[in-house]
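Structure first, then comments.
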Amino acid sequence: MNIPQTSYPRVVIIGGGFGGVALAKKLAKQEMQVVLLDKHNYHTFQPLLYQVSTGGLEPDSIAYPIRKILSKYPNFYFRLANVETVDAAENTIHTDIGPLKYNYLVLATGSSTNFFGNKEIEANSMIMKTVPEALNLRSLILENFEEALLTDSIDRQDALMNFVIVGAGPTGVELAGALAEIKRGILPKDYPDLDTRRAQINIVQSGDMILKGMSSQASKKAEDYLEELGVNIWKNTRVTGYDGDLVTTNTDLNFNTETLIWAAGVKGETVKGIDAKDCITFSNRFKVNNFNKVEGYDTIFAIGDVACMTSEAYPHGHPMVAQVAIQQGKHLGENLVNFIEANKSMKPFTYKDKGTMATVGRNKAVVDMPKYKFQGMFAWFVWMFVHLFFLIGFRNRVVVFTNWVYNYIRFDREARLIIRPYKKQRAALLRELDNKPKDIEMS
């Protein structure tokens, strides 16, 4: 990897998400060598990916070069790499660009989409965890309307303009609200020769409430907002299959659609080489102690979505959200500095819940804070301020704010661009599924 030899202890961080960047910032100023590895050369502000997929923002406004974030620190090194396995006995990681030894290893690999073993849905649905995936979804949405113009079949048109979102957490709710606003304010202008009133936005939730992690007030208000926007909400309904045309559920409800968007769950993005017994099966996260040290290992730590730190308050681990990753990254950085440089004992991590929020659309948001809960326009302004504050880079903040102001005044979304067609890729994936043995069908 051409990482120079040094007398400083080497800390290797795998993952350039919220936790990895927060940790690197804490360590890069100290007398230690910090090496950050990621398969992308940019940090993604994931909470705004849904706006990229619905044409509200361009991807470069929510992404920021990792090298630029830490360019001021002489002992920091970044390498673009895929980590293949960890050899804990040799304190070595193996990647597609070669091996690297470490003194301390931090796993900040985040999470990936959890399909709960359903291979059919995995092969045919759309997901939105990365910038390329958000761009794929944007292309598919726009291509569907372009294709709907070219068919005389009403059933075919309805399937192309029918969107099914599985999962009513913040991602699903925010995406449904954005699609509903596109239907009301943009589609009639872009497609005057198409009856876009028949477009349907459906959100399917297996439980009895949306935004399950938030208060009942927030859930009820968000549901009211979505219904006001014309979104169909189906609760106590579990999607069991999707073959690319038909969505089946555990009830009599079925959907004919060309677009199923899966936002129903995530799992830890673990790394090979760490003993499987140290993972929690249902969420695929590494068990860590109160110092974020992976159980059974002295020099390996995990933070963020991939780490499961249980406590009386969080018996199943902390929520898989950005604030946990940021706080754990900063805390572990302080602990490593104190332990390596001053030989001080580490302090246990305590999560400070600063609240949860979700936006449903124009002037519509819900905010749950530890002491206050509010909804409506004020909550919408709070949501915007918080997201602007946590964006990395002054330019990104200016660009995002300018886009939001423009979109608000004009009731428009300028980034409705098909940069790269997606249909061919999707068709190839379906053919690949058809050619696979039958044992990959849904479990």
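A note on labels: chains of the structure tokens are A, B, ... as shown, every chain counts residues from 1, and ligands are counted from 1 in their shown order.
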Problem - segment 123-125 of chain A surroundings by only C-alpha atoms, 6 Å radius, close-in-sequence under 2 positions cut, as a ChimeraX atom specification - result: /A:120-121,244,260-261
Exercise for the section: Would you list the contacts of Leu187 of chain A as a PyMOL selection string, taking every protein, DNA or RNA residue within 12 Å and counting only C-alpha atoms, but skipping same-chain residues closer than 2 positions in sequence? Expected result: chain A and resi 141-142+145-146+161+179-185+189-199+411-413+416
Tell me, counting only C-alpha atoms, for each residue of segment 201-292 of chain A within 10 Å of segment 313-321 of chain A, which pair of atoms is nearest and how far apart they are in Å to one decimal, in rows ordered by chain and increasing number, as CSV.
```
residue,atom,partner,partner_atom,distance
A:Gly213,CA,A:Pro319,CA,8.9
A:Val266,CA,A:Met320,CA,8.3
A:Lys267,CA,A:Met320,CA,9.0
A:Gly268,CA,A:Met320,CA,9.0
A:Ile280,CA,A:His316,CA,9.3
A:Phe282,CA,A:His316,CA,10.0
A:Ser283,CA,A:His316,CA,9.3
A:Arg285,CA,A:Gly317,CA,9.2
A:Lys287,CA,A:Gly317,CA,8.9
A:Val288,CA,A:Gly317,CA,9.5
```
Handout entry: Residue among A:Leu226, A:Met384, A:Ile300, A:Met357 lying closest to Ala178 of chain A, counting only C-alpha atoms
Key = A:Leu226
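Residue nearest Gly17 of chain A, chosen from A:Ala222, A:Ile3, A:Leu37, A:Val239 and counting only C-alpha atoms: A:Leu37.
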Completion exercise
Ala81 of chain A proximity check over A:Leu36, A:Thr130, A:Phe45, A:Asn114, using only C-alpha atoms: winner is A:Leu36
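Of the listed residues (A:Val271, A:Pro4, A:Leu175, A:Ile233), A:Val271 comes nearest to His94 of chain A; the distances count only C-alpha atoms.
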Exercise for the section: Once DSSP has gone over the backbone, tell me which residues of segment 79-327 of chain A are in strand (DSSP E), as a ChimeraX atom specification. Expected result: /A:79-80,83-87,92-95,98-101,104-107,111-113,162-166,200-204,232-234,239-242,246-249,254-256,259-262,266-268,279-280,285-287,300-302,307-308
Practice task
In Å, rounded to a single decimal, give me how far atom CA of Val337 of chain A is from atom CA of Leu27 of chain A.
Solution key: 7.1 Å
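Considering only C-alpha atoms, the residue among A:Lys129, A:Lys68, A:Arg397, A:Lys293 positioned nearest to Ser111 of chain A is A:Lys129.
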Handout entry: Nearest candidate to Tyr104 of chain A (options A:Val386, A:Ala307, A:Ala322, A:Ile340; using only C-alpha atoms)
Key = A:Ile340
Handout entry: Who sits within 10 Å of Gly172 of chain A, only C-alpha atoms, same chain under 6 positions skipped, as a PyMOL selection string
Key = chain A and resi 50+164-166+178+203-205+210-211+261-264+360
Given the selection you just returned, output its residues as a file containing all heavy atoms, formatted as an mmCIF file, in the first residue's frame.
```
data_model
loop_
_atom_site.group_PDB
_atom_site.id
_atom_site.type_symbol
_atom_site.label_atom_id
_atom_site.label_comp_id
_atom_site.auth_asym_id
_atom_site.auth_seq_id
_atom_site.Cartn_x
_atom_site.Cartn_y
_atom_site.Cartn_z
ATOM 1 N N TYR A 50 -32.239 10.157 -0.273
ATOM 2 C CA TYR A 50 -33.561 10.098 -0.887
ATOM 3 C C TYR A 50 -33.825 11.325 -1.764
ATOM 4 O O TYR A 50 -34.591 11.250 -2.738
ATOM 5 C CB TYR A 50 -34.647 9.949 0.192
ATOM 6 C CG TYR A 50 -35.058 11.252 0.835
ATOM 7 C CD1 TYR A 50 -36.168 11.949 0.377
ATOM 8 C CD2 TYR A 50 -34.332 11.798 1.889
ATOM 9 C CE1 TYR A 50 -36.551 13.151 0.948
ATOM 10 C CE2 TYR A 50 -34.703 12.994 2.470
ATOM 11 C CZ TYR A 50 -35.820 13.669 1.992
ATOM 12 O OH TYR A 50 -36.183 14.860 2.561
ATOM 13 N N VAL A 164 -44.062 1.080 -4.851
ATOM 14 C CA VAL A 164 -44.284 0.413 -3.570
ATOM 15 C C VAL A 164 -43.013 0.536 -2.739
ATOM 16 O O VAL A 164 -41.939 0.093 -3.163
ATOM 17 C CB VAL A 164 -44.649 -1.077 -3.764
ATOM 18 C CG1 VAL A 164 -44.841 -1.751 -2.415
ATOM 19 C CG2 VAL A 164 -45.915 -1.204 -4.607
ATOM 20 N N ILE A 165 -43.142 1.140 -1.576
ATOM 21 C CA ILE A 165 -42.018 1.308 -0.649
ATOM 22 C C ILE A 165 -42.259 0.382 0.536
ATOM 23 O O ILE A 165 -43.293 0.468 1.200
ATOM 24 C CB ILE A 165 -41.908 2.769 -0.170
ATOM 25 C CG1 ILE A 165 -41.729 3.707 -1.358
ATOM 26 C CG2 ILE A 165 -40.759 2.920 0.817
ATOM 27 C CD1 ILE A 165 -41.889 5.178 -1.009
ATOM 28 N N VAL A 166 -41.324 -0.498 0.791
ATOM 29 C CA VAL A 166 -41.452 -1.440 1.901
ATOM 30 C C VAL A 166 -40.625 -0.924 3.071
ATOM 31 O O VAL A 166 -39.410 -0.765 2.965
ATOM 32 C CB VAL A 166 -40.980 -2.851 1.493
ATOM 33 C CG1 VAL A 166 -41.211 -3.838 2.629
ATOM 34 C CG2 VAL A 166 -41.696 -3.309 0.234
ATOM 35 N N ALA A 178 -41.564 12.599 -0.670
ATOM 36 C CA ALA A 178 -40.938 13.252 -1.824
ATOM 37 C C ALA A 178 -41.595 12.804 -3.129
ATOM 38 O O ALA A 178 -41.851 13.627 -4.026
ATOM 39 C CB ALA A 178 -39.442 12.928 -1.844
ATOM 40 N N ILE A 203 -46.904 2.730 0.727
ATOM 41 C CA ILE A 203 -45.896 2.405 1.728
ATOM 42 C C ILE A 203 -46.436 1.255 2.582
ATOM 43 O O ILE A 203 -47.556 1.318 3.080
ATOM 44 C CB ILE A 203 -45.531 3.651 2.571
ATOM 45 C CG1 ILE A 203 -44.346 3.351 3.477
ATOM 46 C CG2 ILE A 203 -46.709 4.202 3.345
ATOM 47 C CD1 ILE A 203 -43.716 4.605 4.078
ATOM 48 N N VAL A 204 -45.653 0.199 2.659
ATOM 49 C CA VAL A 204 -46.091 -1.032 3.314
ATOM 50 C C VAL A 204 -45.265 -1.240 4.579
ATOM 51 O O VAL A 204 -44.022 -1.257 4.524
ATOM 52 C CB VAL A 204 -45.934 -2.251 2.376
ATOM 53 C CG1 VAL A 204 -46.455 -3.511 3.043
ATOM 54 C CG2 VAL A 204 -46.659 -1.998 1.050
ATOM 55 N N GLN A 205 -45.940 -1.412 5.702
ATOM 56 C CA GLN A 205 -45.269 -1.570 6.991
ATOM 57 C C GLN A 205 -45.777 -2.827 7.679
ATOM 58 O O GLN A 205 -46.988 -3.045 7.798
ATOM 59 C CB GLN A 205 -45.540 -0.338 7.876
ATOM 60 C CG GLN A 205 -45.097 -0.451 9.306
ATOM 61 C CD GLN A 205 -43.580 -0.512 9.472
ATOM 62 O OE1 GLN A 205 -42.832 -0.376 8.500
ATOM 63 N NE2 GLN A 205 -43.129 -0.716 10.687
ATOM 64 N N ILE A 210 -46.216 3.633 11.746
ATOM 65 C CA ILE A 210 -45.062 4.089 10.979
ATOM 66 C C ILE A 210 -44.118 4.832 11.914
ATOM 67 O O ILE A 210 -44.494 5.233 13.018
ATOM 68 C CB ILE A 210 -45.488 4.966 9.786
ATOM 69 C CG1 ILE A 210 -46.080 6.292 10.262
ATOM 70 C CG2 ILE A 210 -46.482 4.214 8.901
ATOM 71 C CD1 ILE A 210 -46.368 7.264 9.132
ATOM 72 N N LEU A 211 -42.865 5.021 11.487
ATOM 73 C CA LEU A 211 -41.849 5.660 12.324
ATOM 74 C C LEU A 211 -41.838 5.032 13.714
ATOM 75 O O LEU A 211 -41.972 5.707 14.733
ATOM 76 C CB LEU A 211 -42.097 7.168 12.413
ATOM 77 C CG LEU A 211 -41.992 7.960 11.108
ATOM 78 C CD1 LEU A 211 -42.312 9.427 11.354
ATOM 79 C CD2 LEU A 211 -40.606 7.823 10.493
ATOM 80 N N ILE A 261 -39.301 -0.517 -3.819
ATOM 81 C CA ILE A 261 -38.166 0.086 -3.120
ATOM 82 C C ILE A 261 -38.109 -0.504 -1.721
ATOM 83 O O ILE A 261 -39.056 -0.376 -0.941
ATOM 84 C CB ILE A 261 -38.311 1.623 -3.060
ATOM 85 C CG1 ILE A 261 -38.470 2.186 -4.476
ATOM 86 C CG2 ILE A 261 -37.095 2.235 -2.375
ATOM 87 C CD1 ILE A 261 -38.944 3.619 -4.509
ATOM 88 N N TRP A 262 -37.007 -1.161 -1.403
ATOM 89 C CA TRP A 262 -36.864 -1.875 -0.133
ATOM 90 C C TRP A 262 -36.161 -0.992 0.881
ATOM 91 O O TRP A 262 -34.998 -0.650 0.744
ATOM 92 C CB TRP A 262 -36.084 -3.167 -0.343
ATOM 93 C CG TRP A 262 -36.053 -4.060 0.864
ATOM 94 C CD1 TRP A 262 -35.064 -4.145 1.805
ATOM 95 C CD2 TRP A 262 -37.051 -5.004 1.250
ATOM 96 N NE1 TRP A 262 -35.385 -5.075 2.760
ATOM 97 C CE2 TRP A 262 -36.610 -5.616 2.447
ATOM 98 C CE3 TRP A 262 -38.285 -5.384 0.722
ATOM 99 C CZ2 TRP A 262 -37.348 -6.600 3.105
ATOM 100 C CZ3 TRP A 262 -39.028 -6.361 1.377
ATOM 101 C CH2 TRP A 262 -38.560 -6.962 2.553
ATOM 102 N N ALA A 263 -36.898 -0.602 1.924
ATOM 103 C CA ALA A 263 -36.341 0.205 3.013
ATOM 104 C C ALA A 263 -36.742 -0.397 4.346
ATOM 105 O O ALA A 263 -36.996 0.320 5.320
ATOM 106 C CB ALA A 263 -36.834 1.643 2.904
ATOM 107 N N ALA A 264 -36.786 -1.725 4.386
ATOM 108 C CA ALA A 264 -37.380 -2.418 5.528
ATOM 109 C C ALA A 264 -36.383 -2.876 6.578
ATOM 110 O O ALA A 264 -36.782 -3.453 7.592
ATOM 111 C CB ALA A 264 -38.181 -3.626 5.043
ATOM 112 N N VAL A 360 -41.668 14.904 6.000
ATOM 113 C CA VAL A 360 -42.632 14.225 5.145
ATOM 114 C C VAL A 360 -42.842 15.004 3.856
ATOM 115 O O VAL A 360 -43.283 14.448 2.862
ATOM 116 C CB VAL A 360 -43.975 14.033 5.885
ATOM 117 C CG1 VAL A 360 -44.944 13.206 5.070
ATOM 118 C CG2 VAL A 360 -43.740 13.367 7.246
#
```
Practice task
Go through segment 240-394 of chain A and collect every residue that DSSP, computed from the backbone, puts in helix (DSSP H, G or I); the answer should be as a PyMOL selection string.
Solution key: chain A and resi 276-278+304-306+322-342+377-390+394
I need the residues from that last selection saved to file as a short mmCIF file (atom, residue, chain, number, x, y, z; two decimals), in the first residue's frame (with N, CA and C atoms), if you can.
```
data_model
loop_
_atom_site.label_atom_id
_atom_site.label_comp_id
_atom_site.auth_asym_id
_atom_site.auth_seq_id
_atom_site.Cartn_x
_atom_site.Cartn_y
_atom_site.Cartn_z
N ALA A 276 -17.18 -15.76 13.90
CA ALA A 276 -18.63 -15.56 13.77
C ALA A 276 -19.36 -15.60 15.10
N LYS A 277 -18.77 -16.23 16.09
CA LYS A 277 -19.46 -16.29 17.38
C LYS A 277 -19.55 -14.93 18.04
N ASP A 278 -18.79 -13.97 17.56
CA ASP A 278 -18.82 -12.63 18.12
C ASP A 278 -19.81 -11.72 17.40
N GLY A 304 -20.33 2.34 15.46
CA GLY A 304 -21.42 2.63 14.54
C GLY A 304 -22.35 1.45 14.31
N ASP A 305 -22.91 1.37 13.10
CA ASP A 305 -23.93 0.37 12.80
C ASP A 305 -23.44 -1.06 12.98
N VAL A 306 -22.15 -1.30 12.74
CA VAL A 306 -21.64 -2.67 12.79
C VAL A 306 -21.36 -3.13 14.21
N ALA A 322 -26.85 7.80 12.60
CA ALA A 322 -25.59 8.53 12.47
C ALA A 322 -25.07 9.04 13.81
N GLN A 323 -25.95 9.50 14.69
CA GLN A 323 -25.51 10.08 15.95
C GLN A 323 -24.73 9.08 16.80
N VAL A 324 -25.17 7.83 16.79
CA VAL A 324 -24.44 6.80 17.55
C VAL A 324 -23.04 6.65 16.99
N ALA A 325 -22.92 6.57 15.67
CA ALA A 325 -21.60 6.40 15.04
C ALA A 325 -20.69 7.58 15.34
N ILE A 326 -21.21 8.80 15.24
CA ILE A 326 -20.40 9.98 15.50
C ILE A 326 -19.93 10.01 16.94
N GLN A 327 -20.84 9.76 17.87
CA GLN A 327 -20.47 9.80 19.29
C GLN A 327 -19.48 8.69 19.64
N GLN A 328 -19.68 7.50 19.09
CA GLN A 328 -18.75 6.40 19.36
C GLN A 328 -17.39 6.67 18.74
N GLY A 329 -17.38 7.27 17.54
CA GLY A 329 -16.10 7.59 16.91
C GLY A 329 -15.30 8.58 17.73
N LYS A 330 -15.94 9.65 18.19
CA LYS A 330 -15.25 10.65 19.01
C LYS A 330 -14.80 10.06 20.33
N HIS A 331 -15.65 9.27 20.96
CA HIS A 331 -15.32 8.70 22.27
C HIS A 331 -14.17 7.70 22.16
N LEU A 332 -14.22 6.84 21.14
CA LEU A 332 -13.13 5.88 20.97
C LEU A 332 -11.83 6.60 20.67
N GLY A 333 -11.89 7.69 19.91
CA GLY A 333 -10.69 8.47 19.64
C GLY A 333 -10.05 8.99 20.92
N GLU A 334 -10.85 9.53 21.81
CA GLU A 334 -10.34 10.01 23.10
C GLU A 334 -9.78 8.86 23.92
N ASN A 335 -10.46 7.72 23.92
CA ASN A 335 -9.98 6.57 24.67
C ASN A 335 -8.64 6.07 24.14
N LEU A 336 -8.51 5.97 22.82
CA LEU A 336 -7.26 5.48 22.25
C LEU A 336 -6.11 6.44 22.52
N VAL A 337 -6.37 7.73 22.43
CA VAL A 337 -5.32 8.71 22.73
C VAL A 337 -4.87 8.58 24.18
N ASN A 338 -5.81 8.50 25.10
CA ASN A 338 -5.46 8.38 26.52
C ASN A 338 -4.74 7.07 26.81
N PHE A 339 -5.17 5.99 26.15
CA PHE A 339 -4.58 4.68 26.42
C PHE A 339 -3.19 4.55 25.80
N ILE A 340 -3.04 5.00 24.54
CA ILE A 340 -1.77 4.82 23.83
C ILE A 340 -0.72 5.81 24.31
N GLU A 341 -1.11 7.08 24.46
CA GLU A 341 -0.12 8.11 24.76
C GLU A 341 0.10 8.33 26.25
N ALA A 342 -0.94 8.11 27.05
CA ALA A 342 -0.80 8.40 28.49
C ALA A 342 -0.99 7.16 29.36
N MET A 377 -44.42 23.10 10.52
CA MET A 377 -43.45 23.94 9.83
C MET A 377 -42.20 24.18 10.67
N PHE A 378 -42.38 24.43 11.99
CA PHE A 378 -41.20 24.66 12.83
C PHE A 378 -40.30 23.42 12.85
N ALA A 379 -40.92 22.27 12.95
CA ALA A 379 -40.15 21.01 12.91
C ALA A 379 -39.42 20.88 11.58
N TRP A 380 -40.05 21.33 10.51
CA TRP A 380 -39.42 21.26 9.19
C TRP A 380 -38.19 22.15 9.13
N PHE A 381 -38.26 23.37 9.71
CA PHE A 381 -37.09 24.24 9.75
C PHE A 381 -35.98 23.64 10.62
N VAL A 382 -36.36 23.03 11.75
CA VAL A 382 -35.36 22.38 12.61
C VAL A 382 -34.68 21.25 11.85
N TRP A 383 -35.47 20.44 11.14
CA TRP A 383 -34.91 19.34 10.34
C TRP A 383 -33.89 19.87 9.34
N MET A 384 -34.23 20.95 8.63
CA MET A 384 -33.31 21.53 7.64
C MET A 384 -32.03 22.04 8.30
N PHE A 385 -32.17 22.75 9.42
CA PHE A 385 -30.99 23.30 10.09
C PHE A 385 -30.05 22.19 10.55
N VAL A 386 -30.58 21.15 11.16
CA VAL A 386 -29.76 20.06 11.67
C VAL A 386 -29.02 19.37 10.53
N HIS A 387 -29.71 19.12 9.42
CA HIS A 387 -29.06 18.43 8.31
C HIS A 387 -28.00 19.31 7.65
N LEU A 388 -28.26 20.60 7.55
CA LEU A 388 -27.23 21.50 7.01
C LEU A 388 -26.03 21.55 7.92
N PHE A 389 -26.25 21.55 9.23
CA PHE A 389 -25.17 21.64 10.20
C PHE A 389 -24.23 20.43 10.11
N PHE A 390 -24.79 19.26 9.91
CA PHE A 390 -23.96 18.05 9.90
C PHE A 390 -23.39 17.71 8.53
N PHE A 394 -18.27 23.47 3.45
CA PHE A 394 -19.02 24.72 3.32
C PHE A 394 -19.75 24.78 1.98
#
```
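Atom CA of Gln46 of chain A to atom CA of Ser139 of chain A spans 18.5 Å [interatomic distance, one decimal].
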Problem - For Ala415 of chain A: contacts at 12 Å, only C-alpha atoms, fewer than 2 positions along chain excluded, given as a ChimeraX atom specification - result: /A:51-61,135,138-139,142,186,403,406-407,412-413,417-419
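Atom pair atom CA of Arg238 of chain A / atom CA of Thr251 of chain A: separated by 7.8 Å.
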